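Enquirer: A single structure is presented below for examination.
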Amino acid sequence: MKGNIIRILVIILSLGPPLAGKDYEIKSTEEVRAVVGENVTLPCHTEPPKDLQSLTVEWKYNKSYVHLYRHGQDDLDQQQPQYRQRTILSHENLIKGNLSLKLLRVQLSDQGTYTCSVVKLSEKEKITSSHVFLIVSEGAEDSDDDSGKCLISNRQCWSVCVHSLSGSETSSPLFS
């Protein structure tokens, strides 16, 4: 009996620790739109909510650091110069699993894919990550689609549907 218990313990220990991050996933919006000069939030959170304060949170663009949080504080030494003084990660929200990044004074060069990751501090092992694609425009813009247009201005997207038969035009907010 005692030998069986020892064998079971040896087998369990040989499997290694359970993978951290398996109890939650990182979720984000696939696409975010912004206008040059405005502030934008790149959304990213854990499902279910998980306290991330003891972990490392990385935000990267093209494998370069946009924002780095580790050891319970922002570590901006590795931050790319074009993002200095332009990123905010709410430490209070990390408790609730919210690792969204606020990007200030958006520039055209900010357009592209951002990766938010959670890294296990002790082993420097990436646990899980998600991607957000930021689309930046110079001002209100519209699409070339004849069936409808999406006008982006003042952080709202409006769907403008043109009805050629009745000659009337209607607008309704898609999101705000």
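By order in the structure tokens, chains are A, B, ...; within a chain, residues start at 1; ligands start at 1, following the order shown.
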Write out as a PyMOL selection string each polymer residue whose atoms come within 9 Å of Thr87 in chain A, counting only C-alpha atoms; drop sequence neighbours fewer than 3 positions from it.
Expert: chain A and resi 66-67+83-84+101-104
Enquirer: Set the distance at 9 Å and use only C-alpha atoms: which residues neighbour range 129-140 of chain A once local chain neighbours fewer than 3 positions away are removed? I'd like the list as a count of residues only.
Expert: 35
Enquirer: For CA of Asp74 in chain A and CA of Ser90 in chain A, quote the distance in Å rounded to one decimal.
Expert: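 Rounded to one decimal, the two atoms are 9.9 Å apart.
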Enquirer: Nearest residue to Trp59 in chain A out of A:Ser100, A:Gly72, A:Arg105, A:Thr46, using only C-alpha atoms?
Expert: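 Among the listed residues, the smallest separation from Trp59 in chain A belongs to A:Ser100.
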Enquirer: Expressed in Å to a single decimal, how great is the separation between CA of Lys120 in chain A and CA of Arg86 in chain A?
Expert: 25.7 Å
Enquirer: Please report, as a PDB file with all heavy atoms, in the first residue's frame, each residue of range 36-98 of chain A to which DSSP assigns helix (DSSP H, G or I) when run on this structure's backbone.
Expert:
ATOM      1  N   PRO A  81      11.218  54.140 -28.108  1.00  0.00           N
ATOM      2  CA  PRO A  81      11.141  55.599 -27.933  1.00  0.00           C
ATOM      3  C   PRO A  81       9.838  56.230 -28.451  1.00  0.00           C
ATOM      4  O   PRO A  81       9.331  57.165 -27.842  1.00  0.00           O
ATOM      5  CB  PRO A  81      12.339  56.118 -28.731  1.00  0.00           C
ATOM      6  CG  PRO A  81      13.282  54.980 -28.806  1.00  0.00           C
ATOM      7  CD  PRO A  81      12.454  53.733 -28.789  1.00  0.00           C
ATOM      8  N   GLN A  82       9.281  55.720 -29.544  1.00  0.00           N
ATOM      9  CA  GLN A  82       8.068  56.341 -30.103  1.00  0.00           C
ATOM     10  C   GLN A  82       6.840  56.168 -29.200  1.00  0.00           C
ATOM     11  O   GLN A  82       5.824  56.824 -29.416  1.00  0.00           O
ATOM     12  CB  GLN A  82       7.768  55.828 -31.521  1.00  0.00           C
ATOM     13  CG  GLN A  82       7.414  54.366 -31.604  1.00  0.00           C
ATOM     14  CD  GLN A  82       8.608  53.483 -31.936  1.00  0.00           C
ATOM     15  OE1 GLN A  82       9.732  53.769 -31.564  1.00  0.00           O
ATOM     16  NE2 GLN A  82       8.350  52.401 -32.637  1.00  0.00           N
ATOM     17  N   TYR A  83       6.946  55.309 -28.161  1.00  0.00           N
ATOM     18  CA  TYR A  83       5.822  55.108 -27.249  1.00  0.00           C
ATOM     19  C   TYR A  83       6.040  55.778 -25.890  1.00  0.00           C
ATOM     20  O   TYR A  83       5.142  55.771 -25.052  1.00  0.00           O
ATOM     21  CB  TYR A  83       5.552  53.613 -27.055  1.00  0.00           C
ATOM     22  CG  TYR A  83       5.082  52.958 -28.316  1.00  0.00           C
ATOM     23  CD1 TYR A  83       5.940  52.160 -29.071  1.00  0.00           C
ATOM     24  CD2 TYR A  83       3.781  53.148 -28.775  1.00  0.00           C
ATOM     25  CE1 TYR A  83       5.508  51.571 -30.253  1.00  0.00           C
ATOM     26  CE2 TYR A  83       3.341  52.565 -29.948  1.00  0.00           C
ATOM     27  CZ  TYR A  83       4.207  51.773 -30.682  1.00  0.00           C
ATOM     28  OH  TYR A  83       3.774  51.200 -31.844  1.00  0.00           O
ATOM     29  N   HIS A  91      -2.860  49.723 -13.218  1.00  0.00           N
ATOM     30  CA  HIS A  91      -2.468  48.687 -12.256  1.00  0.00           C
ATOM     31  C   HIS A  91      -3.680  48.205 -11.459  1.00  0.00           C
ATOM     32  O   HIS A  91      -3.757  47.018 -11.117  1.00  0.00           O
ATOM     33  CB  HIS A  91      -1.396  49.215 -11.315  1.00  0.00           C
ATOM     34  CG  HIS A  91      -0.145  49.622 -12.033  1.00  0.00           C
ATOM     35  ND1 HIS A  91       0.986  50.021 -11.383  1.00  0.00           N
ATOM     36  CD2 HIS A  91       0.161  49.706 -13.356  1.00  0.00           C
ATOM     37  CE1 HIS A  91       1.925  50.338 -12.254  1.00  0.00           C
ATOM     38  NE2 HIS A  91       1.437  50.151 -13.460  1.00  0.00           N
ATOM     39  N   GLU A  92      -4.616  49.101 -11.180  1.00  0.00           N
ATOM     40  CA  GLU A  92      -5.825  48.729 -10.441  1.00  0.00           C
ATOM     41  C   GLU A  92      -6.659  47.722 -11.231  1.00  0.00           C
ATOM     42  O   GLU A  92      -7.260  46.822 -10.659  1.00  0.00           O
ATOM     43  CB  GLU A  92      -6.675  49.962 -10.112  1.00  0.00           C
ATOM     44  CG  GLU A  92      -6.018  50.961  -9.173  1.00  0.00           C
ATOM     45  CD  GLU A  92      -5.010  51.870  -9.888  1.00  0.00           C
ATOM     46  OE1 GLU A  92      -5.177  52.151 -11.099  1.00  0.00           O
ATOM     47  OE2 GLU A  92      -4.036  52.279  -9.237  1.00  0.00           O
ATOM     48  N   ASN A  93      -6.709  47.892 -12.537  1.00  0.00           N
ATOM     49  CA  ASN A  93      -7.498  46.981 -13.369  1.00  0.00           C
ATOM     50  C   ASN A  93      -6.857  45.607 -13.523  1.00  0.00           C
ATOM     51  O   ASN A  93      -7.545  44.644 -13.847  1.00  0.00           O
ATOM     52  CB  ASN A  93      -7.749  47.596 -14.744  1.00  0.00           C
ATOM     53  CG  ASN A  93      -8.772  48.710 -14.699  1.00  0.00           C
ATOM     54  OD1 ASN A  93      -9.531  48.827 -13.739  1.00  0.00           O
ATOM     55  ND2 ASN A  93      -8.784  49.543 -15.720  1.00  0.00           N
ATOM     56  N   LEU A  94      -5.551  45.498 -13.286  1.00  0.00           N
ATOM     57  CA  LEU A  94      -4.888  44.201 -13.384  1.00  0.00           C
ATOM     58  C   LEU A  94      -5.465  43.207 -12.383  1.00  0.00           C
ATOM     59  O   LEU A  94      -5.504  42.004 -12.644  1.00  0.00           O
ATOM     60  CB  LEU A  94      -3.382  44.347 -13.157  1.00  0.00           C
ATOM     61  CG  LEU A  94      -2.604  45.025 -14.282  1.00  0.00           C
ATOM     62  CD1 LEU A  94      -1.143  45.229 -13.874  1.00  0.00           C
ATOM     63  CD2 LEU A  94      -2.690  44.235 -15.573  1.00  0.00           C
TER      64      LEU A  94
END
Enquirer: In Å, with one decimal, what is the gap from CA of His45 in chain A to CA of Thr128 in chain A?
Expert: 11.2 Å
Enquirer: Nearest to His71 in chain A: which of A:Ile88, A:Leu52, A:Val40, A:Ile95 is it, counting only C-alpha atoms?
Expert: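 Residue with the minimum atom-to-atom distance to His71 in chain A: A:Leu52.
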Enquirer: From the list A:Gln78, A:Ile127, A:Leu99, A:Leu89, which residue is nearest Lys63 in chain A when using only C-alpha atoms?
Expert: A:Gln78
Enquirer: Using the chain letters and numbers from this document, which residues of range 25-155 of chain A does DSSP assign to strand (DSSP E), as JSON, numbers by chain?
Expert: {"A": [25, 26, 27, 31, 32, 33, 34, 35, 40, 41, 42, 45, 46, 47, 56, 57, 58, 59, 60, 61, 64, 65, 66, 67, 68, 69, 70, 73, 74, 87, 88, 89, 101, 102, 103, 112, 113, 114, 115, 116, 117, 118, 119, 120, 125, 126, 127, 128, 129, 130, 131, 132, 133, 134, 135, 136, 137, 149, 150, 151, 152, 153]}
